[in-house]
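Accompanying notes for the structure given below.
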Amino acid sequence: MASKPRRIPGIAPSQPHNSILQRAVYRNVADKRDRFQNDAIAPDIASAAEFLDRIWPLYEIARYDAIGPVGGRATLPHTGRRMSHKALLWFQFLRSDGNLSVGQQSAALVVEDIDGLMRDGMLPNERRVVALLEAHLGEPIPRPVGDETSRFNRSLQPTERYRIGDQFDSTDISLPASKRRAAIPFIKRQRVWRGQQSLNACQALHFLERDLQRKSPVDLSKLEARYHAWGLPHYHVLPMVATRTARLAICMASVEPMRKGSWLYRLDLVQAALVARKYNAFLAAQKTVTATKGKNPSKNLILKEYLQKI
């Protein structure tokens with residue numbers, strides 16, 4: 001028997017105007033909704049510094065491998081699965097909770113420890129304690145390394161991960177913590193990564209708006225009623241999102257259910273303001289780059305301009 005189709009927020013099968021929306025286009029926006037919020041607060045510098053300190057043993061191993069007989073570029077792994085047995089043994093003894101008295105662990109166990117560290121920034125003993133506490137309390141507890149720090153790290157290529165972490169690791173450890181953390185390249189690159197994430201969300205929203213531009217006035221009126229377009233403020237300082245379809249697209253990325261499982265929605269004005277600001281910056285960046293570089297400019301050029309505008 002075929003599985004039941006997953007419902008998409010904002011599209012109800014019972015609605016008579018269901019057919020006027022392209023499900024895939026709307027799904028793409030719905031899946032990226034949280035990316036519009038990713039710079040509401042600054043990156044967690046303490047989390048980044050903590051994570052970089054924890055993976056210090058991997059930098060030591062990468063340096064050694066780069067200057068060894070084979071040589072090559074220093075890289076940090078996504079996982080420990082391709083590391084040599086010698087490197088795995090070295091990691092076991094270098095890590096902060098290493099215990100020389102227990103002897104050599106199996107390669108499979110050390111690989112598992114490295115994979116866990118690169119996944120969530122926690123060492124095995126911490127992961128066990130966190131699991132016990134969460135089981136006892138019945139709710140999540142703060143982790144030593146934030147989720148965004150871990151997700152950003154996983155997005156990096158091995159050579160880039162080594163480069164931006166090595167700059168932190170090579171700073172003078174005698175400096176005050178505030179000065180050592182002030183210029184972490186990891187954080188600077190994380191801000192760019194955030195911009196890339198929200199740019200992708202804006203591109204998805206742009207495809208949705210282009211689909212809306214092909215709808216009839218009657219269809220647009222139906223969608224405006226469903227997504228509360230009348231409640232969206234007029235953002236006078238954001239001229240690029242003043243069109244009817246841009247405002248509707250912003251509303252469609254900013255509604256949430258009145259209650260769980262409900263198909264009645266309310267407009268989240270905080271979310272709408274974030275979406276409007278970033279979508280305006282995206283459209284302005286696209287217009288500027290197209291005017292100077294011609295049609296179909298590269299995504300990197302648009303990103304550079306976009307980061308200056310948000």
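Labels used: A, B, ... for chains in the order of the structure tokens, numbers from 1 for residues in each chain, and numbers from 1 for ligands as shown.
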- DSSP-assigned helix (DSSP H, G or I) members of stretch 86-219 of chain A, reported as a VMD selection string: chain A and resid 86 to 94 100 to 102 107 to 120 124 to 137 147 to 155 158 to 169 177 to 182 185 to 212 217 to 219
Expected file: the selected residues, C-alpha atoms, as an mmCIF file, in the first residue's frame:
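File selection.cif, as written:
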data_model
loop_
_atom_site.group_PDB
_atom_site.id
_atom_site.type_symbol
_atom_site.label_atom_id
_atom_site.label_comp_id
_atom_site.auth_asym_id
_atom_site.auth_seq_id
_atom_site.Cartn_x
_atom_site.Cartn_y
_atom_site.Cartn_z
ATOM 1 C CA LYS A 86 49.054 5.169 13.953
ATOM 2 C CA ALA A 87 47.017 8.375 13.744
ATOM 3 C CA LEU A 88 44.115 6.751 15.609
ATOM 4 C CA LEU A 89 46.456 5.646 18.381
ATOM 5 C CA TRP A 90 47.927 9.153 18.601
ATOM 6 C CA PHE A 91 44.468 10.696 18.853
ATOM 7 C CA GLN A 92 43.574 8.322 21.691
ATOM 8 C CA PHE A 93 46.461 9.608 23.795
ATOM 9 C CA LEU A 94 46.267 13.291 22.805
ATOM 10 C CA LEU A 100 47.239 6.088 29.142
ATOM 11 C CA SER A 101 46.607 3.499 31.854
ATOM 12 C CA VAL A 102 43.793 1.788 29.931
ATOM 13 C CA ALA A 107 40.625 1.159 16.034
ATOM 14 C CA ALA A 108 36.855 0.863 15.590
ATOM 15 C CA LEU A 109 36.234 2.436 18.997
ATOM 16 C CA VAL A 110 38.633 5.337 18.360
ATOM 17 C CA VAL A 111 37.006 5.962 14.950
ATOM 18 C CA GLU A 112 33.633 6.066 16.683
ATOM 19 C CA ASP A 113 34.998 8.610 19.177
ATOM 20 C CA ILE A 114 36.350 10.828 16.389
ATOM 21 C CA ASP A 115 33.123 10.609 14.410
ATOM 22 C CA GLY A 116 31.155 11.618 17.501
ATOM 23 C CA LEU A 117 33.490 14.540 18.178
ATOM 24 C CA MET A 118 33.126 15.843 14.630
ATOM 25 C CA ARG A 119 29.353 15.322 14.754
ATOM 26 C CA ASP A 120 28.455 17.083 18.012
ATOM 27 C CA PRO A 124 32.444 9.798 24.915
ATOM 28 C CA ASN A 125 32.290 10.406 28.658
ATOM 29 C CA GLU A 126 30.376 13.666 28.117
ATOM 30 C CA ARG A 127 27.939 12.003 25.753
ATOM 31 C CA ARG A 128 27.149 9.349 28.358
ATOM 32 C CA VAL A 129 26.617 11.953 31.093
ATOM 33 C CA VAL A 130 24.391 14.093 28.863
ATOM 34 C CA ALA A 131 22.306 11.050 27.888
ATOM 35 C CA LEU A 132 21.823 10.079 31.553
ATOM 36 C CA LEU A 133 20.865 13.620 32.573
ATOM 37 C CA GLU A 134 18.390 14.018 29.722
ATOM 38 C CA ALA A 135 16.812 10.643 30.527
ATOM 39 C CA HIS A 136 16.475 11.694 34.178
ATOM 40 C CA LEU A 137 15.169 15.207 33.496
ATOM 41 C CA ASP A 147 24.422 22.672 17.336
ATOM 42 C CA GLU A 148 25.127 25.448 14.815
ATOM 43 C CA THR A 149 28.862 25.247 15.515
ATOM 44 C CA SER A 150 28.791 21.526 14.745
ATOM 45 C CA ARG A 151 26.630 21.940 11.631
ATOM 46 C CA PHE A 152 28.889 24.670 10.276
ATOM 47 C CA ASN A 153 31.987 22.568 10.896
ATOM 48 C CA ARG A 154 30.449 19.651 9.001
ATOM 49 C CA SER A 155 29.772 21.945 6.030
ATOM 50 C CA PRO A 158 38.703 19.141 5.076
ATOM 51 C CA THR A 159 41.398 21.573 3.882
ATOM 52 C CA GLU A 160 39.312 24.641 4.747
ATOM 53 C CA ARG A 161 38.412 23.151 8.125
ATOM 54 C CA TYR A 162 42.116 22.731 8.846
ATOM 55 C CA ARG A 163 43.060 26.217 7.661
ATOM 56 C CA ILE A 164 40.545 28.226 9.679
ATOM 57 C CA GLY A 165 40.991 26.107 12.785
ATOM 58 C CA ASP A 166 44.788 26.164 12.581
ATOM 59 C CA GLN A 167 44.777 29.971 12.704
ATOM 60 C CA PHE A 168 42.999 29.769 16.049
ATOM 61 C CA ASP A 169 45.193 26.977 17.325
ATOM 62 C CA ALA A 177 40.430 34.661 26.291
ATOM 63 C CA SER A 178 38.498 37.671 24.989
ATOM 64 C CA LYS A 179 41.383 38.729 22.712
ATOM 65 C CA ARG A 180 42.059 35.199 21.540
ATOM 66 C CA ARG A 181 38.426 34.742 20.580
ATOM 67 C CA ALA A 182 37.937 38.204 19.060
ATOM 68 C CA PRO A 185 38.505 32.951 11.498
ATOM 69 C CA PHE A 186 36.023 30.169 12.252
ATOM 70 C CA ILE A 187 33.445 32.791 13.298
ATOM 71 C CA LYS A 188 34.142 35.042 10.308
ATOM 72 C CA ARG A 189 33.624 32.109 7.948
ATOM 73 C CA GLN A 190 30.533 31.051 9.904
ATOM 74 C CA ARG A 191 28.939 34.443 9.186
ATOM 75 C CA VAL A 192 29.515 33.897 5.464
ATOM 76 C CA TRP A 193 28.031 30.414 5.784
ATOM 77 C CA ARG A 194 24.942 31.916 7.429
ATOM 78 C CA GLY A 195 24.667 34.303 4.490
ATOM 79 C CA GLN A 196 24.885 31.404 2.045
ATOM 80 C CA GLN A 197 22.125 29.604 3.931
ATOM 81 C CA SER A 198 19.752 32.572 3.876
ATOM 82 C CA LEU A 199 20.656 33.345 0.249
ATOM 83 C CA ASN A 200 19.511 29.835 -0.681
ATOM 84 C CA ALA A 201 16.249 30.479 1.171
ATOM 85 C CA CYS A 202 15.810 33.759 -0.736
ATOM 86 C CA GLN A 203 16.390 31.965 -4.032
ATOM 87 C CA ALA A 204 13.683 29.454 -3.124
ATOM 88 C CA LEU A 205 11.367 32.352 -2.269
ATOM 89 C CA HIS A 206 12.204 34.007 -5.588
ATOM 90 C CA PHE A 207 11.131 30.869 -7.485
ATOM 91 C CA LEU A 208 7.886 30.909 -5.502
ATOM 92 C CA GLU A 209 7.297 34.555 -6.375
ATOM 93 C CA ARG A 210 7.926 33.866 -10.059
ATOM 94 C CA ASP A 211 5.279 31.145 -9.866
ATOM 95 C CA LEU A 212 2.880 33.598 -8.184
ATOM 96 C CA PRO A 217 -5.841 38.039 -9.943
ATOM 97 C CA VAL A 218 -8.572 35.729 -8.629
ATOM 98 C CA ASP A 219 -6.052 33.086 -7.569
#
- Query: Contacts of stretch 235-246 of chain A at 8 Å or less, counting only C-alpha atoms, minus same-chain residues fewer than 4 places along, as a list in words?
  - Reply: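 Final neighbour list, sorted by chain and number: Glu209, Leu212, Gln213, Ile250, Ala276, Arg277, Tyr279, Asn280, Leu283 and Ala284 of chain A.
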Output C-alpha atoms for every residue in the selection just made, as a PDB file, in the first residue's frame.
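After the write, again.pdb holds the following:
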ATOM      1  CA  GLU A 209       7.297  34.555  -6.375  1.00  0.00           C
ATOM      2  CA  LEU A 212       2.880  33.598  -8.184  1.00  0.00           C
ATOM      3  CA  GLN A 213       3.468  36.123 -10.969  1.00  0.00           C
ATOM      4  CA  ILE A 250       6.844  36.843   2.265  1.00  0.00           C
ATOM      5  CA  ALA A 276      11.343  40.888   4.057  1.00  0.00           C
ATOM      6  CA  ARG A 277      14.759  42.306   4.969  1.00  0.00           C
ATOM      7  CA  TYR A 279      14.532  39.024   0.430  1.00  0.00           C
ATOM      8  CA  ASN A 280      14.864  42.746  -0.257  1.00  0.00           C
ATOM      9  CA  LEU A 283      16.588  41.199  -4.958  1.00  0.00           C
ATOM     10  CA  ALA A 284      18.716  44.351  -4.650  1.00  0.00           C
TER      11      ALA A 284
END
- Item | Interatomic distance, atom CA of A:Phe51 to atom CA of A:Arg35 (Å, one decimal) |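 Atom-to-atom, atom CA of A:Phe51 and atom CA of A:Arg35 are spaced 22.7 Å apart.
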- Message: For the strand (DSSP E or B) assignment from backbone DSSP, which residues of stretch 130-299 of chain A qualify? Please present them as a ChimeraX atom specification.
- Response: /A:255-257,265-267
Export, as a short mmCIF file (atom, residue, chain, number, x, y, z; two decimals), in the first residue's frame, the selected residues with C-alpha atoms.
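Saved to again30.cif:
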data_model
loop_
_atom_site.label_atom_id
_atom_site.label_comp_id
_atom_site.auth_asym_id
_atom_site.auth_seq_id
_atom_site.Cartn_x
_atom_site.Cartn_y
_atom_site.Cartn_z
CA VAL A 255 2.67 31.98 8.63
CA GLU A 256 2.34 29.35 11.33
CA PRO A 257 -0.59 27.19 12.49
CA TYR A 265 -2.82 30.28 10.22
CA ARG A 266 -1.58 33.46 11.78
CA LEU A 267 1.06 35.75 10.35
#
- Message: When you count only C-alpha atoms, which of these residues is closest to A:Met252: A:Ala62, A:Gly231, A:Arg226, A:Thr79?
- Response: A:Arg226
- Have a look at atom CA of A:Glu60 and atom CA of A:Arg81 and let me know their distance in Å, one decimal. 17.4 Å
- Query: Quick one: of A:Ser298, A:Gln105, A:Ser254, A:Ser221, who's nearest to A:Val29, counting only C-alpha atoms?
  - Reply: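 Counting only C-alpha atoms, the residue closest to A:Val29 is A:Ser254.
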- Show which residues sit within 7 Å of stretch 301-306 of chain A, as a PyMOL selection string. Count only C-alpha atoms, and ignore same-chain residues fewer than 5 positions away. chain A and resi 196+281-282+285-286+289
- Query: Which one is closest to A:Ile45: A:Ala273, A:Ala225, A:Cys251, A:Ile184? Count only C-alpha atoms.
  - Reply: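 When distances to A:Ile45 are compared using only C-alpha atoms, the smallest one comes from A:Ile184.
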- atom CA of A:Trp230 and atom CA of A:Val25 are how many Å apart?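 Between atom CA of A:Trp230 and atom CA of A:Val25 the gap works out to 22.9 Å.
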